[in-house]
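Trainee: The structure is given below, and queries will be raised subsequently.
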Amino acid sequence: MATFLMPEGAEGPMDDPRTDAELVEAAKKGDLDAYGALVERHREAVVAAAYHMVGDLHSAEDAAQEAFVEAFRKLRKLREPGRFRTWLFSILRRKCRRLKRKRREEPLAEPGCGAHNSPPEEALDVRLALDSLPARYREVLVAKHVLGLSYAEIARALRTSEGNVRVLCFRATERLRQIVEGEG
């Protein structure tokens, strides 16, 4: 996994007992270790979520890194510190969409490039199935099943209603099932 840049001097112990809200408040007051702890706490899930949205590990790590950096820069704007994870997902989602748009505009890489990041075949099948979903469906499934966000948290991140998120999750799951079973 890539080394994530944290604010200079930040340690970010994984076992920090403070809540996200407490860490955010401390980071807003200049405690770099608190932000480092947030990065360590959420890094794995954020990279996994980004991977499911962009399709390759290198780009996922880049998107996650960019999301953490932007979150650090804009941390003072976060009005509800307890919603850090949801807010971070909103930032990550925008970064992943931008990366995918940029990738469509760039010429295709030569065969064999990036082969060292090849996932197992089963993961590739899931990756291909997820890639065939519309972005909105993919994002909802990733938020729910990879990041473990609640319907309410996803609704806040997507700026929509909780009911709409439930419908999107149901439709996305059905569409994914159809793809996996060869019906779509």
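Here's how to read the names in the structure tokens: chain A, B, ... by the order shown, residue numbers from 1 in each chain, ligand numbers from 1 in the order shown.
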Which polymer residues have any atom within 7 Å of an atom of Leu23 in chain A, counting only C-alpha atoms, with same-chain residues fewer than 5 positions away left out, as a ChimeraX atom specification?

Mentor: /A:18,34-35,38

Trainee: What does the file look like for those residues with C-alpha atoms, as a tab-separated table (two decimals), in the first residue's frame?

Mentor:
```
chain	number	residue	atom	x	y	z
A	18	ARG	CA	-10.94	9.42	21.01
A	34	ALA	CA	-5.23	13.85	15.93
A	35	TYR	CA	-5.55	14.23	12.17
A	38	LEU	CA	-8.15	10.01	11.64
```

Trainee: Skipping near chain neighbours, those fewer than 2 positions away, what residues fall within 10 Å of Phe84 in chain A using only C-alpha atoms, listed as a JSON list (two decimals) with all heavy atoms, in the first residue's frame?

Mentor:
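The new file out02.json reads:
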```json
[["chain", "number", "residue", "atom", "x", "y", "z"],
["A", 20, "ASP", "N", -14.16, 10.18, 16.46],
["A", 20, "ASP", "CA", -13.84, 11.01, 15.31],
["A", 20, "ASP", "C", -14.10, 12.48, 15.63],
["A", 20, "ASP", "O", -13.30, 13.35, 15.27],
["A", 20, "ASP", "CB", -14.68, 10.61, 14.09],
["A", 20, "ASP", "CG", -14.14, 9.37, 13.40],
["A", 20, "ASP", "OD1", -13.12, 8.81, 13.85],
["A", 20, "ASP", "OD2", -14.74, 8.97, 12.37],
["A", 21, "ALA", "N", -15.22, 12.76, 16.30],
["A", 21, "ALA", "CA", -15.56, 14.14, 16.63],
["A", 21, "ALA", "C", -14.48, 14.78, 17.51],
["A", 21, "ALA", "O", -14.08, 15.92, 17.28],
["A", 21, "ALA", "CB", -16.91, 14.20, 17.33],
["A", 23, "LEU", "N", -11.33, 13.84, 17.70],
["A", 23, "LEU", "CA", -10.12, 13.98, 16.89],
["A", 23, "LEU", "C", -10.22, 15.18, 15.96],
["A", 23, "LEU", "O", -9.25, 15.93, 15.78],
["A", 23, "LEU", "CB", -9.84, 12.70, 16.10],
["A", 23, "LEU", "CG", -9.41, 11.49, 16.93],
["A", 23, "LEU", "CD1", -9.42, 10.22, 16.10],
["A", 23, "LEU", "CD2", -8.02, 11.72, 17.54],
["A", 24, "VAL", "N", -11.38, 15.37, 15.35],
["A", 24, "VAL", "CA", -11.58, 16.51, 14.46],
["A", 24, "VAL", "C", -11.42, 17.82, 15.23],
["A", 24, "VAL", "O", -10.72, 18.74, 14.79],
["A", 24, "VAL", "CB", -12.97, 16.45, 13.77],
["A", 24, "VAL", "CG1", -13.31, 17.78, 13.11],
["A", 24, "VAL", "CG2", -13.00, 15.33, 12.74],
["A", 38, "LEU", "N", -6.99, 10.13, 12.54],
["A", 38, "LEU", "CA", -8.15, 10.01, 11.64],
["A", 38, "LEU", "C", -7.75, 9.31, 10.33],
["A", 38, "LEU", "O", -8.48, 8.44, 9.84],
["A", 38, "LEU", "CB", -8.74, 11.39, 11.33],
["A", 38, "LEU", "CG", -9.55, 12.04, 12.44],
["A", 38, "LEU", "CD1", -9.78, 13.52, 12.14],
["A", 38, "LEU", "CD2", -10.88, 11.31, 12.62],
["A", 71, "ALA", "N", -9.47, 17.11, 2.81],
["A", 71, "ALA", "CA", -10.18, 17.14, 4.08],
["A", 71, "ALA", "C", -9.36, 17.90, 5.13],
["A", 71, "ALA", "O", -9.91, 18.69, 5.89],
["A", 71, "ALA", "CB", -10.47, 15.72, 4.57],
["A", 75, "LEU", "N", -10.76, 21.23, 6.90],
["A", 75, "LEU", "CA", -11.28, 20.71, 8.16],
["A", 75, "LEU", "C", -12.04, 21.77, 8.96],
["A", 75, "LEU", "O", -13.05, 21.47, 9.58],
["A", 75, "LEU", "CB", -10.13, 20.14, 8.99],
["A", 75, "LEU", "CG", -10.51, 19.21, 10.12],
["A", 75, "LEU", "CD1", -11.28, 18.00, 9.61],
["A", 75, "LEU", "CD2", -9.27, 18.74, 10.85],
["A", 78, "LEU", "N", -15.79, 21.94, 8.40],
["A", 78, "LEU", "CA", -16.65, 20.83, 8.84],
["A", 78, "LEU", "C", -17.42, 21.28, 10.07],
["A", 78, "LEU", "O", -16.86, 21.43, 11.15],
["A", 78, "LEU", "CB", -15.83, 19.58, 9.13],
["A", 78, "LEU", "CG", -16.60, 18.35, 9.62],
["A", 78, "LEU", "CD1", -17.67, 17.92, 8.63],
["A", 78, "LEU", "CD2", -15.62, 17.20, 9.88],
["A", 79, "ARG", "N", -18.72, 21.50, 9.91],
["A", 79, "ARG", "CA", -19.55, 22.03, 10.99],
["A", 79, "ARG", "C", -19.94, 20.96, 12.00],
["A", 79, "ARG", "O", -20.15, 21.26, 13.17],
["A", 79, "ARG", "CB", -20.80, 22.69, 10.43],
["A", 79, "ARG", "CG", -20.48, 24.04, 9.78],
["A", 79, "ARG", "CD", -21.68, 24.61, 9.13],
["A", 79, "ARG", "NE", -21.79, 23.95, 7.83],
["A", 79, "ARG", "CZ", -22.82, 24.00, 7.03],
["A", 79, "ARG", "NH1", -23.87, 24.66, 7.37],
["A", 79, "ARG", "NH2", -22.82, 23.38, 5.88],
["A", 80, "GLU", "N", -20.06, 19.72, 11.55],
["A", 80, "GLU", "CA", -20.46, 18.63, 12.45],
["A", 80, "GLU", "C", -19.32, 17.61, 12.53],
["A", 80, "GLU", "O", -19.27, 16.68, 11.73],
["A", 80, "GLU", "CB", -21.74, 17.97, 11.94],
["A", 80, "GLU", "CG", -22.94, 18.90, 11.90],
["A", 80, "GLU", "CD", -24.18, 18.20, 11.39],
["A", 80, "GLU", "OE1", -24.61, 17.22, 12.04],
["A", 80, "GLU", "OE2", -24.71, 18.63, 10.35],
["A", 81, "PRO", "N", -18.41, 17.79, 13.47],
["A", 81, "PRO", "CA", -17.23, 16.91, 13.57],
["A", 81, "PRO", "C", -17.56, 15.42, 13.66],
["A", 81, "PRO", "O", -16.77, 14.59, 13.21],
["A", 81, "PRO", "CB", -16.53, 17.40, 14.83],
["A", 81, "PRO", "CG", -16.97, 18.81, 14.98],
["A", 81, "PRO", "CD", -18.39, 18.84, 14.48],
["A", 82, "GLY", "N", -18.71, 15.07, 14.20],
["A", 82, "GLY", "CA", -19.09, 13.67, 14.31],
["A", 82, "GLY", "C", -19.43, 13.03, 12.97],
["A", 82, "GLY", "O", -19.58, 11.82, 12.86],
["A", 86, "THR", "N", -18.68, 10.65, 6.86],
["A", 86, "THR", "CA", -19.63, 10.97, 5.79],
["A", 86, "THR", "C", -19.08, 12.09, 4.91],
["A", 86, "THR", "O", -19.14, 12.02, 3.68],
["A", 86, "THR", "CB", -20.98, 11.39, 6.40],
["A", 86, "THR", "OG1", -21.45, 10.33, 7.23],
["A", 86, "THR", "CG2", -22.00, 11.68, 5.33],
["A", 87, "TRP", "N", -18.54, 13.11, 5.55],
["A", 87, "TRP", "CA", -17.97, 14.24, 4.83],
["A", 87, "TRP", "C", -16.77, 13.79, 3.98],
["A", 87, "TRP", "O", -16.64, 14.18, 2.83],
["A", 87, "TRP", "CB", -17.56, 15.28, 5.87],
["A", 87, "TRP", "CG", -16.94, 16.54, 5.36],
["A", 87, "TRP", "CD1", -17.54, 17.51, 4.61],
["A", 87, "TRP", "CD2", -15.60, 16.98, 5.59],
["A", 87, "TRP", "NE1", -16.65, 18.53, 4.37],
["A", 87, "TRP", "CE2", -15.45, 18.23, 4.97],
["A", 87, "TRP", "CE3", -14.53, 16.44, 6.29],
["A", 87, "TRP", "CZ2", -14.27, 18.95, 5.00],
["A", 87, "TRP", "CZ3", -13.35, 17.15, 6.33],
["A", 87, "TRP", "CH2", -13.22, 18.39, 5.69],
["A", 88, "LEU", "N", -15.94, 12.94, 4.55],
["A", 88, "LEU", "CA", -14.79, 12.41, 3.81],
["A", 88, "LEU", "C", -15.25, 11.61, 2.60],
["A", 88, "LEU", "O", -14.66, 11.70, 1.52],
["A", 88, "LEU", "CB", -13.93, 11.55, 4.74],
["A", 88, "LEU", "CG", -12.66, 10.96, 4.15],
["A", 88, "LEU", "CD1", -11.70, 12.06, 3.69],
["A", 88, "LEU", "CD2", -11.97, 10.07, 5.19],
["A", 89, "PHE", "N", -16.34, 10.84, 2.74],
["A", 89, "PHE", "CA", -16.87, 10.09, 1.60],
["A", 89, "PHE", "C", -17.31, 11.05, 0.49],
["A", 89, "PHE", "O", -17.09, 10.78, -0.69],
["A", 89, "PHE", "CB", -18.03, 9.18, 2.02],
["A", 89, "PHE", "CG", -18.74, 8.55, 0.85],
["A", 89, "PHE", "CD1", -18.10, 7.59, 0.07],
["A", 89, "PHE", "CD2", -20.03, 8.93, 0.52],
["A", 89, "PHE", "CE1", -18.74, 7.02, -1.02],
["A", 89, "PHE", "CE2", -20.68, 8.36, -0.57],
["A", 89, "PHE", "CZ", -20.03, 7.40, -1.34],
["A", 90, "SER", "N", -17.92, 12.17, 0.85],
["A", 90, "SER", "CA", -18.34, 13.16, -0.15],
["A", 90, "SER", "C", -17.14, 13.66, -0.94],
["A", 90, "SER", "O", -17.19, 13.78, -2.16],
["A", 90, "SER", "CB", -19.03, 14.35, 0.51],
["A", 90, "SER", "OG", -20.20, 13.96, 1.14]]
```

Trainee: Ranking A:Ala26, A:Cys169, A:Val39, A:Ala157 by minimum distance to Tyr137 in chain A and counting only C-alpha atoms, which one comes first?

Mentor: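 That would be A:Cys169, the residue with the smallest distance to Tyr137 in chain A.
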
Trainee: So that I can see what lies close to Arg93 in chain A, please list as a PDB file with N, CA, C and O atoms, in the first residue's frame the residues with an atom at most 10 Å from it, counting only C-alpha atoms and leaving out residues fewer than 4 positions away in the same chain.

Mentor:
```
ATOM      1  N   ALA A  49     -12.931   1.797  -0.707  1.00  0.00           N
ATOM      2  CA  ALA A  49     -14.063   2.465  -1.357  1.00  0.00           C
ATOM      3  C   ALA A  49     -13.620   3.079  -2.680  1.00  0.00           C
ATOM      4  O   ALA A  49     -14.302   2.931  -3.706  1.00  0.00           O
ATOM      5  N   ALA A  50     -12.486   3.744  -2.670  1.00  0.00           N
ATOM      6  CA  ALA A  50     -11.977   4.356  -3.897  1.00  0.00           C
ATOM      7  C   ALA A  50     -11.691   3.285  -4.952  1.00  0.00           C
ATOM      8  O   ALA A  50     -11.991   3.478  -6.139  1.00  0.00           O
ATOM      9  N   MET A  53     -14.693   2.334  -6.712  1.00  0.00           N
ATOM     10  CA  MET A  53     -15.242   3.395  -7.563  1.00  0.00           C
ATOM     11  C   MET A  53     -14.389   3.665  -8.794  1.00  0.00           C
ATOM     12  O   MET A  53     -14.928   4.038  -9.834  1.00  0.00           O
ATOM     13  N   VAL A  54     -13.057   3.490  -8.706  1.00  0.00           N
ATOM     14  CA  VAL A  54     -12.207   3.824  -9.859  1.00  0.00           C
ATOM     15  C   VAL A  54     -11.629   2.611 -10.574  1.00  0.00           C
ATOM     16  O   VAL A  54     -11.232   2.714 -11.728  1.00  0.00           O
ATOM     17  N   ALA A  63      -6.598   8.750  -5.200  1.00  0.00           N
ATOM     18  CA  ALA A  63      -7.860   9.418  -4.849  1.00  0.00           C
ATOM     19  C   ALA A  63      -8.001   9.535  -3.335  1.00  0.00           C
ATOM     20  O   ALA A  63      -8.418  10.582  -2.819  1.00  0.00           O
ATOM     21  N   ALA A  64      -7.655   8.471  -2.624  1.00  0.00           N
ATOM     22  CA  ALA A  64      -7.746   8.496  -1.162  1.00  0.00           C
ATOM     23  C   ALA A  64      -6.796   9.545  -0.588  1.00  0.00           C
ATOM     24  O   ALA A  64      -7.175  10.325   0.291  1.00  0.00           O
ATOM     25  N   ALA A  67      -8.167  12.929  -1.193  1.00  0.00           N
ATOM     26  CA  ALA A  67      -9.325  13.187  -0.324  1.00  0.00           C
ATOM     27  C   ALA A  67      -8.872  13.554   1.088  1.00  0.00           C
ATOM     28  O   ALA A  67      -9.400  14.495   1.684  1.00  0.00           O
ATOM     29  N   TRP A  87     -18.544  13.114   5.547  1.00  0.00           N
ATOM     30  CA  TRP A  87     -17.965  14.244   4.833  1.00  0.00           C
ATOM     31  C   TRP A  87     -16.774  13.789   3.985  1.00  0.00           C
ATOM     32  O   TRP A  87     -16.643  14.183   2.828  1.00  0.00           O
ATOM     33  N   LEU A  88     -15.940  12.936   4.547  1.00  0.00           N
ATOM     34  CA  LEU A  88     -14.789  12.409   3.813  1.00  0.00           C
ATOM     35  C   LEU A  88     -15.251  11.607   2.597  1.00  0.00           C
ATOM     36  O   LEU A  88     -14.658  11.700   1.524  1.00  0.00           O
ATOM     37  N   PHE A  89     -16.335  10.837   2.738  1.00  0.00           N
ATOM     38  CA  PHE A  89     -16.866  10.090   1.600  1.00  0.00           C
ATOM     39  C   PHE A  89     -17.314  11.047   0.489  1.00  0.00           C
ATOM     40  O   PHE A  89     -17.085  10.777  -0.692  1.00  0.00           O
ATOM     41  N   ARG A  97     -14.750  10.539  -9.121  1.00  0.00           N
ATOM     42  CA  ARG A  97     -15.435  10.933 -10.365  1.00  0.00           C
ATOM     43  C   ARG A  97     -14.485  11.706 -11.271  1.00  0.00           C
ATOM     44  O   ARG A  97     -14.460  11.508 -12.473  1.00  0.00           O
ATOM     45  N   ARG A  98     -13.709  12.606 -10.686  1.00  0.00           N
ATOM     46  CA  ARG A  98     -12.753  13.382 -11.475  1.00  0.00           C
ATOM     47  C   ARG A  98     -11.698  12.467 -12.107  1.00  0.00           C
ATOM     48  O   ARG A  98     -11.361  12.603 -13.286  1.00  0.00           O
ATOM     49  N   LEU A  99     -11.204  11.510 -11.322  1.00  0.00           N
ATOM     50  CA  LEU A  99     -10.210  10.569 -11.856  1.00  0.00           C
ATOM     51  C   LEU A  99     -10.774   9.746 -13.007  1.00  0.00           C
ATOM     52  O   LEU A  99     -10.102   9.530 -14.007  1.00  0.00           O
ATOM     53  N   ALA A 135     -22.602   5.143 -12.172  1.00  0.00           N
ATOM     54  CA  ALA A 135     -21.802   5.689 -11.060  1.00  0.00           C
ATOM     55  C   ALA A 135     -22.622   5.842  -9.787  1.00  0.00           C
ATOM     56  O   ALA A 135     -22.161   5.503  -8.702  1.00  0.00           O
ATOM     57  N   GLU A 139     -21.591   4.076  -6.294  1.00  0.00           N
ATOM     58  CA  GLU A 139     -21.259   4.880  -5.126  1.00  0.00           C
ATOM     59  C   GLU A 139     -22.098   4.504  -3.910  1.00  0.00           C
ATOM     60  O   GLU A 139     -21.588   4.423  -2.797  1.00  0.00           O
ATOM     61  N   ALA A 143     -20.566   2.966  -0.509  1.00  0.00           N
ATOM     62  CA  ALA A 143     -20.789   3.668   0.757  1.00  0.00           C
ATOM     63  C   ALA A 143     -21.422   2.736   1.791  1.00  0.00           C
ATOM     64  O   ALA A 143     -21.032   2.727   2.952  1.00  0.00           O
ATOM     65  N   ALA A 157     -24.347  12.588   2.420  1.00  0.00           N
ATOM     66  CA  ALA A 157     -23.193  12.690   1.524  1.00  0.00           C
ATOM     67  C   ALA A 157     -23.621  12.961   0.081  1.00  0.00           C
ATOM     68  O   ALA A 157     -22.961  13.705  -0.639  1.00  0.00           O
ATOM     69  N   LEU A 158     -24.728  12.356  -0.325  1.00  0.00           N
ATOM     70  CA  LEU A 158     -25.206  12.514  -1.707  1.00  0.00           C
ATOM     71  C   LEU A 158     -26.192  13.670  -1.862  1.00  0.00           C
ATOM     72  O   LEU A 158     -26.676  13.925  -2.963  1.00  0.00           O
TER      73      LEU A 158
END
```

Trainee: Between CA of Ile179 in chain A and CA of Ile154 in chain A, what is the spacing in Å?

Mentor: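 A separation of 23.8 Å between them.
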
Trainee: If you count only C-alpha atoms, which residues fall within 9 Å of Arg166 in chain A, apart from same-chain ones fewer than 5 positions away, as a VMD selection string?

Mentor: chain A and resid 151 161 171

Trainee: Here is a test: counting only C-alpha atoms, which residue of A:Arg83, A:Arg43, A:Arg104, A:Arg136 is nearest to Ala60 in chain A?

Mentor: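 Of all the options, A:Arg43 lies closest to Ala60 in chain A.
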